[in-house]
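K.L.:
What follows is a single structure, and I will ask about it in a moment.
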Amino acid sequence: MPVAGRRYHFRCWIDRSLALSGNDPLIDILGNCEGFFSMQKSRLTDLGISIEGCEISHLAFRTLTYPEYLEARARLEEHAQANLENVWNGRPISKILLRSPLDLGDGFSVRMIELIPPMHQCVYRMGLEHVGVVIGEGVDEFGKTHRSVLTGQQYQGPVNEPYFIRFEDYTNVKFYRRSLKDVCEMEGRPFAGFVHVERWQG
C-alpha cells in the first residue's frame, strides 16, 4: 500500500475510535470532544505537564476535503454566534465562536472551534486534531521548563507563537500566551457575525 494510503487509513481508524452518536448535535458533527480532550490531558500528565486551572482556547477540527469543510462550517454555524474566516497558508480557516460553552469534562469547557480544510505541507490527523491551552504570560518559562518534551514552537504572527507537542497519532496540544479569540481581536478582527472568505476555489 502506498505511504499516503497507509496514513489515510490510520487517521480514519483513530477517528472511529473516538466517535459517538447521541442527541448532542455538536457530538454528531465533531465526534467525542470530551474523550479527545481527556486523552490529550492524560498524555500531558504522563509527560509531567498539568493544565489544571488553564483556559482552553479552542479545539481544532480538520476535514479531508474542502466540500466536507463547507458542510461542517454550515452545521457548526447553526450553533454559533460568530465565525471569523480568513485565508491562512493558502486556504480558508474558520474560527467559530459557539453560543454556549462545550463541556470537556473535569471542569474544562471551550467556546471556539478552529475548523481547518486539508493541509498540503505534511501529514495531519483528520477530525479532532489539536487542543489549544492558554498558559498566559508565563508561557515562555513554561517552554523552558518543559523543553525536553516539547516538539517545537510555531510562528503564527507577531502576537501568536505557541509551543506544541505532537503525538505519534499526529494529534497535537498547543500552548498559548493568549486565546485564539484574543489574538484575532488584537489583530483588529472582531467576532461580529459570520465572516466568510469570498471567491475562494477549493
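Following the order of the C-alpha cells, first chain is A, next is B, and so on, with residues numbered from 1 inside each chain and ligands from 1 in the order they appear.
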Pick out the residues sitting within 12 Å of Thr63 (chain A), and hand them over as a ChimeraX atom specification; count only C-alpha atoms, and ignore anything fewer than 3 positions along from it in its own chain.
P.N.:
/A:8,11-12,15,29-30,60,66-73,92-94,114-119,124-129
K.L.:
Can you tell me which residues surround region 168-177 of chain A at a distance of at most 9 Å, considering only C-alpha atoms, apart from same-chain residues fewer than 2 positions away, and format the answer as number ranges by chain?
P.N.:
A: 10-11, 14, 40-41, 44, 57, 123-126, 128-140, 142-143, 153, 159-166, 179-180
K.L.:
Provide the CA of Trp200 (chain A) to CA of Thr65 (chain A) distance in Å, to one decimal place.
P.N.:
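Interatomic distance, CA of Trp200 (chain A) to CA of Thr65 (chain A): 14.2 Å.
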K.L.:
Report as an NGL selection string: the residues of region 44-191 of chain A with a DSSP assignment of strand (DSSP E), based on the backbone of this structure.
P.N.:
:A and (55-62 or 80-88 or 91-105 or 108-116 or 127-134 or 152-153 or 163-166 or 172-176)
K.L.:
Convert the current residue selection to file output with C-alpha atoms, as a PDB file, in the first residue's frame.
P.N.:
```
ATOM      1  CA  GLU A  55      -8.334  28.244  29.928  1.00  0.00           C
ATOM      2  CA  ILE A  56      -8.945  26.138  26.835  1.00  0.00           C
ATOM      3  CA  SER A  57      -8.562  28.405  23.829  1.00  0.00           C
ATOM      4  CA  HIS A  58     -10.073  26.134  21.187  1.00  0.00           C
ATOM      5  CA  LEU A  59     -10.426  22.698  19.693  1.00  0.00           C
ATOM      6  CA  ALA A  60      -9.202  22.213  16.128  1.00  0.00           C
ATOM      7  CA  PHE A  61     -11.082  20.016  13.689  1.00  0.00           C
ATOM      8  CA  ARG A  62      -9.702  19.094  10.255  1.00  0.00           C
ATOM      9  CA  ALA A  80     -22.553  29.646  16.842  1.00  0.00           C
ATOM     10  CA  GLN A  81     -22.807  33.362  17.461  1.00  0.00           C
ATOM     11  CA  ALA A  82     -19.958  34.267  15.086  1.00  0.00           C
ATOM     12  CA  ASN A  83     -17.429  32.902  12.619  1.00  0.00           C
ATOM     13  CA  LEU A  84     -14.268  34.712  11.612  1.00  0.00           C
ATOM     14  CA  GLU A  85     -12.957  33.062   8.446  1.00  0.00           C
ATOM     15  CA  ASN A  86      -9.724  34.124   6.778  1.00  0.00           C
ATOM     16  CA  VAL A  87      -7.107  32.646   4.443  1.00  0.00           C
ATOM     17  CA  TRP A  88      -4.073  31.084   6.119  1.00  0.00           C
ATOM     18  CA  ARG A  91      -6.763  28.040   2.306  1.00  0.00           C
ATOM     19  CA  PRO A  92      -9.654  29.319   4.428  1.00  0.00           C
ATOM     20  CA  ILE A  93      -9.769  28.638   8.151  1.00  0.00           C
ATOM     21  CA  SER A  94     -12.815  29.288  10.336  1.00  0.00           C
ATOM     22  CA  LYS A  95     -12.722  30.404  13.948  1.00  0.00           C
ATOM     23  CA  ILE A  96     -16.223  29.533  15.090  1.00  0.00           C
ATOM     24  CA  LEU A  97     -17.433  31.019  18.380  1.00  0.00           C
ATOM     25  CA  LEU A  98     -20.156  28.823  19.862  1.00  0.00           C
ATOM     26  CA  ARG A  99     -23.208  30.321  21.523  1.00  0.00           C
ATOM     27  CA  SER A 100     -22.710  28.104  24.576  1.00  0.00           C
ATOM     28  CA  PRO A 101     -19.564  26.503  26.020  1.00  0.00           C
ATOM     29  CA  LEU A 102     -18.856  22.907  25.045  1.00  0.00           C
ATOM     30  CA  ASP A 103     -18.280  20.780  28.150  1.00  0.00           C
ATOM     31  CA  LEU A 104     -14.982  18.866  28.032  1.00  0.00           C
ATOM     32  CA  GLY A 105     -15.253  17.266  31.468  1.00  0.00           C
ATOM     33  CA  PHE A 108     -12.977  22.350  31.454  1.00  0.00           C
ATOM     34  CA  SER A 109     -15.014  23.855  28.625  1.00  0.00           C
ATOM     35  CA  VAL A 110     -14.376  25.549  25.298  1.00  0.00           C
ATOM     36  CA  ARG A 111     -16.289  28.028  23.134  1.00  0.00           C
ATOM     37  CA  MET A 112     -14.202  28.110  19.966  1.00  0.00           C
ATOM     38  CA  ILE A 113     -13.797  25.550  17.204  1.00  0.00           C
ATOM     39  CA  GLU A 114     -10.997  26.110  14.722  1.00  0.00           C
ATOM     40  CA  LEU A 115     -12.175  24.433  11.526  1.00  0.00           C
ATOM     41  CA  ILE A 116      -9.427  23.639   9.021  1.00  0.00           C
ATOM     42  CA  GLY A 127     -11.205  15.128  12.655  1.00  0.00           C
ATOM     43  CA  LEU A 128     -10.310  16.366  16.131  1.00  0.00           C
ATOM     44  CA  GLU A 129      -6.644  17.306  15.768  1.00  0.00           C
ATOM     45  CA  HIS A 130      -5.428  19.654  18.489  1.00  0.00           C
ATOM     46  CA  VAL A 131      -6.290  21.326  21.768  1.00  0.00           C
ATOM     47  CA  GLY A 132      -5.222  24.912  22.412  1.00  0.00           C
ATOM     48  CA  VAL A 133      -4.314  25.653  26.042  1.00  0.00           C
ATOM     49  CA  VAL A 134      -3.797  29.189  27.384  1.00  0.00           C
ATOM     50  CA  GLY A 152       8.730  22.871  18.964  1.00  0.00           C
ATOM     51  CA  GLN A 153       7.327  26.368  18.640  1.00  0.00           C
ATOM     52  CA  TYR A 163       4.672  25.914  21.777  1.00  0.00           C
ATOM     53  CA  PHE A 164       3.361  22.489  20.842  1.00  0.00           C
ATOM     54  CA  ILE A 165       3.626  18.761  21.407  1.00  0.00           C
ATOM     55  CA  ARG A 166       2.897  16.402  18.505  1.00  0.00           C
ATOM     56  CA  ASN A 172      -1.225  17.981  18.995  1.00  0.00           C
ATOM     57  CA  VAL A 173      -1.567  20.098  22.099  1.00  0.00           C
ATOM     58  CA  LYS A 174      -0.591  23.751  21.657  1.00  0.00           C
ATOM     59  CA  PHE A 175       0.290  26.168  24.457  1.00  0.00           C
ATOM     60  CA  TYR A 176      -0.535  29.854  24.008  1.00  0.00           C
TER      61      TYR A 176
END
```
K.L.:
Please report, as a VMD selection string, each residue of region 19-202 of chain A to which DSSP assigns helix (DSSP H, G or I) when run on this structure's backbone.
P.N.:
chain A and resid 25 to 30 33 to 46 66 to 77 139 to 145 180 to 186
K.L.:
Restrict the selected residues to N, CA and C atoms and save them as a compact mmCIF listing (two decimals), in the first residue's frame.
P.N.:
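And here's part.txt as it stands now:
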```txt
# COMPACT_ATOMS: atom_id res chain seq x y z
N PRO A 25 -25.96 17.67 19.09
CA PRO A 25 -25.62 17.93 17.68
C PRO A 25 -24.14 18.20 17.46
N LEU A 26 -23.45 18.76 18.46
CA LEU A 26 -22.02 19.00 18.28
C LEU A 26 -21.23 17.70 18.28
N ILE A 27 -21.67 16.72 19.06
CA ILE A 27 -21.03 15.41 19.02
C ILE A 27 -21.22 14.78 17.65
N ASP A 28 -22.42 14.95 17.09
CA ASP A 28 -22.69 14.40 15.76
C ASP A 28 -21.79 15.02 14.70
N ILE A 29 -21.40 16.28 14.89
CA ILE A 29 -20.54 16.96 13.92
C ILE A 29 -19.07 16.66 14.18
N LEU A 30 -18.64 16.79 15.43
CA LEU A 30 -17.22 16.78 15.77
C LEU A 30 -16.72 15.43 16.29
N CYS A 33 -15.67 14.97 21.72
CA CYS A 33 -14.75 16.03 22.16
C CYS A 33 -14.24 15.77 23.58
N GLU A 34 -15.12 15.32 24.44
CA GLU A 34 -14.71 15.06 25.82
C GLU A 34 -13.68 13.94 25.88
N GLY A 35 -13.90 12.89 25.09
CA GLY A 35 -12.95 11.79 25.06
C GLY A 35 -11.61 12.22 24.48
N PHE A 36 -11.64 13.03 23.44
CA PHE A 36 -10.40 13.52 22.83
C PHE A 36 -9.63 14.38 23.82
N PHE A 37 -10.33 15.30 24.48
CA PHE A 37 -9.67 16.17 25.45
C PHE A 37 -9.09 15.36 26.60
N SER A 38 -9.85 14.39 27.10
CA SER A 38 -9.37 13.56 28.20
C SER A 38 -8.11 12.80 27.80
N MET A 39 -8.07 12.30 26.57
CA MET A 39 -6.90 11.58 26.10
C MET A 39 -5.67 12.49 26.07
N GLN A 40 -5.84 13.71 25.55
CA GLN A 40 -4.71 14.63 25.46
C GLN A 40 -4.26 15.10 26.85
N LYS A 41 -5.21 15.34 27.72
CA LYS A 41 -4.89 15.76 29.08
C LYS A 41 -4.12 14.66 29.81
N SER A 42 -4.53 13.41 29.62
CA SER A 42 -3.84 12.28 30.24
C SER A 42 -2.42 12.15 29.71
N ARG A 43 -2.25 12.36 28.42
CA ARG A 43 -0.91 12.31 27.83
C ARG A 43 -0.01 13.40 28.42
N LEU A 44 -0.57 14.58 28.61
CA LEU A 44 0.22 15.65 29.23
C LEU A 44 0.63 15.28 30.66
N THR A 45 -0.30 14.71 31.40
CA THR A 45 0.01 14.28 32.76
C THR A 45 1.17 13.29 32.76
N ASP A 46 1.15 12.37 31.81
CA ASP A 46 2.23 11.39 31.71
C ASP A 46 3.58 12.05 31.42
N TYR A 66 -12.39 19.91 0.90
CA TYR A 66 -12.99 21.24 1.05
C TYR A 66 -14.52 21.17 1.11
N PRO A 67 -15.19 20.34 0.30
CA PRO A 67 -16.65 20.21 0.47
C PRO A 67 -17.05 19.78 1.88
N GLU A 68 -16.26 18.88 2.50
CA GLU A 68 -16.55 18.49 3.88
C GLU A 68 -16.37 19.66 4.83
N TYR A 69 -15.38 20.50 4.55
CA TYR A 69 -15.17 21.71 5.35
C TYR A 69 -16.41 22.62 5.27
N LEU A 70 -16.92 22.84 4.06
CA LEU A 70 -18.08 23.71 3.91
C LEU A 70 -19.30 23.13 4.62
N GLU A 71 -19.46 21.82 4.56
CA GLU A 71 -20.58 21.19 5.25
C GLU A 71 -20.44 21.34 6.77
N ALA A 72 -19.24 21.08 7.29
CA ALA A 72 -19.02 21.23 8.74
C ALA A 72 -19.19 22.68 9.17
N ARG A 73 -18.71 23.61 8.36
CA ARG A 73 -18.87 25.03 8.68
C ARG A 73 -20.34 25.40 8.81
N ALA A 74 -21.14 24.98 7.84
CA ALA A 74 -22.57 25.30 7.87
C ALA A 74 -23.25 24.69 9.09
N ARG A 75 -22.90 23.46 9.42
CA ARG A 75 -23.54 22.79 10.55
C ARG A 75 -23.11 23.41 11.88
N LEU A 76 -21.82 23.76 12.01
CA LEU A 76 -21.35 24.38 13.24
C LEU A 76 -21.93 25.77 13.42
N GLU A 77 -22.10 26.50 12.34
CA GLU A 77 -22.63 27.86 12.44
C GLU A 77 -24.06 27.88 12.96
N VAL A 139 4.16 31.69 29.54
CA VAL A 139 4.30 30.64 28.53
C VAL A 139 5.76 30.39 28.14
N ASP A 140 6.58 31.44 28.13
CA ASP A 140 7.98 31.23 27.75
C ASP A 140 8.74 30.47 28.84
N GLU A 141 8.44 30.75 30.08
CA GLU A 141 9.03 29.98 31.17
C GLU A 141 8.54 28.53 31.11
N PHE A 142 7.26 28.37 30.77
CA PHE A 142 6.70 27.04 30.56
C PHE A 142 7.49 26.30 29.48
N GLY A 143 7.82 27.01 28.40
CA GLY A 143 8.57 26.41 27.31
C GLY A 143 9.95 25.95 27.75
N LYS A 144 10.60 26.74 28.60
CA LYS A 144 11.92 26.36 29.10
C LYS A 144 11.83 25.16 30.04
N THR A 145 10.82 25.18 30.91
CA THR A 145 10.67 24.12 31.89
C THR A 145 10.43 22.77 31.22
N LEU A 180 -7.01 32.12 21.13
CA LEU A 180 -7.14 32.44 19.71
C LEU A 180 -8.12 33.59 19.50
N LYS A 181 -9.17 33.65 20.28
CA LYS A 181 -10.13 34.75 20.19
C LYS A 181 -9.44 36.07 20.51
N ASP A 182 -8.67 36.12 21.59
CA ASP A 182 -7.97 37.35 21.97
C ASP A 182 -6.96 37.76 20.92
N VAL A 183 -6.26 36.78 20.33
CA VAL A 183 -5.28 37.09 19.28
C VAL A 183 -5.96 37.74 18.08
N CYS A 184 -7.07 37.16 17.64
CA CYS A 184 -7.79 37.72 16.50
C CYS A 184 -8.23 39.15 16.78
N GLU A 185 -8.74 39.39 17.98
CA GLU A 185 -9.21 40.73 18.32
C GLU A 185 -8.06 41.71 18.44
N MET A 186 -6.89 41.27 18.94
CA MET A 186 -5.72 42.13 18.98
C MET A 186 -5.24 42.51 17.59
```
K.L.:
So what do you get for CA of His146 (chain A) versus CA of Leu47 (chain A), distance-wise?
P.N.:
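Rounded to one decimal, the two atoms are 8.8 Å apart.
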K.L.:
Mind giving me the straight-line distance from CA of Gly188 (chain A) to CA of Tyr155 (chain A) in Å, one decimal?
P.N.:
18.5 Å
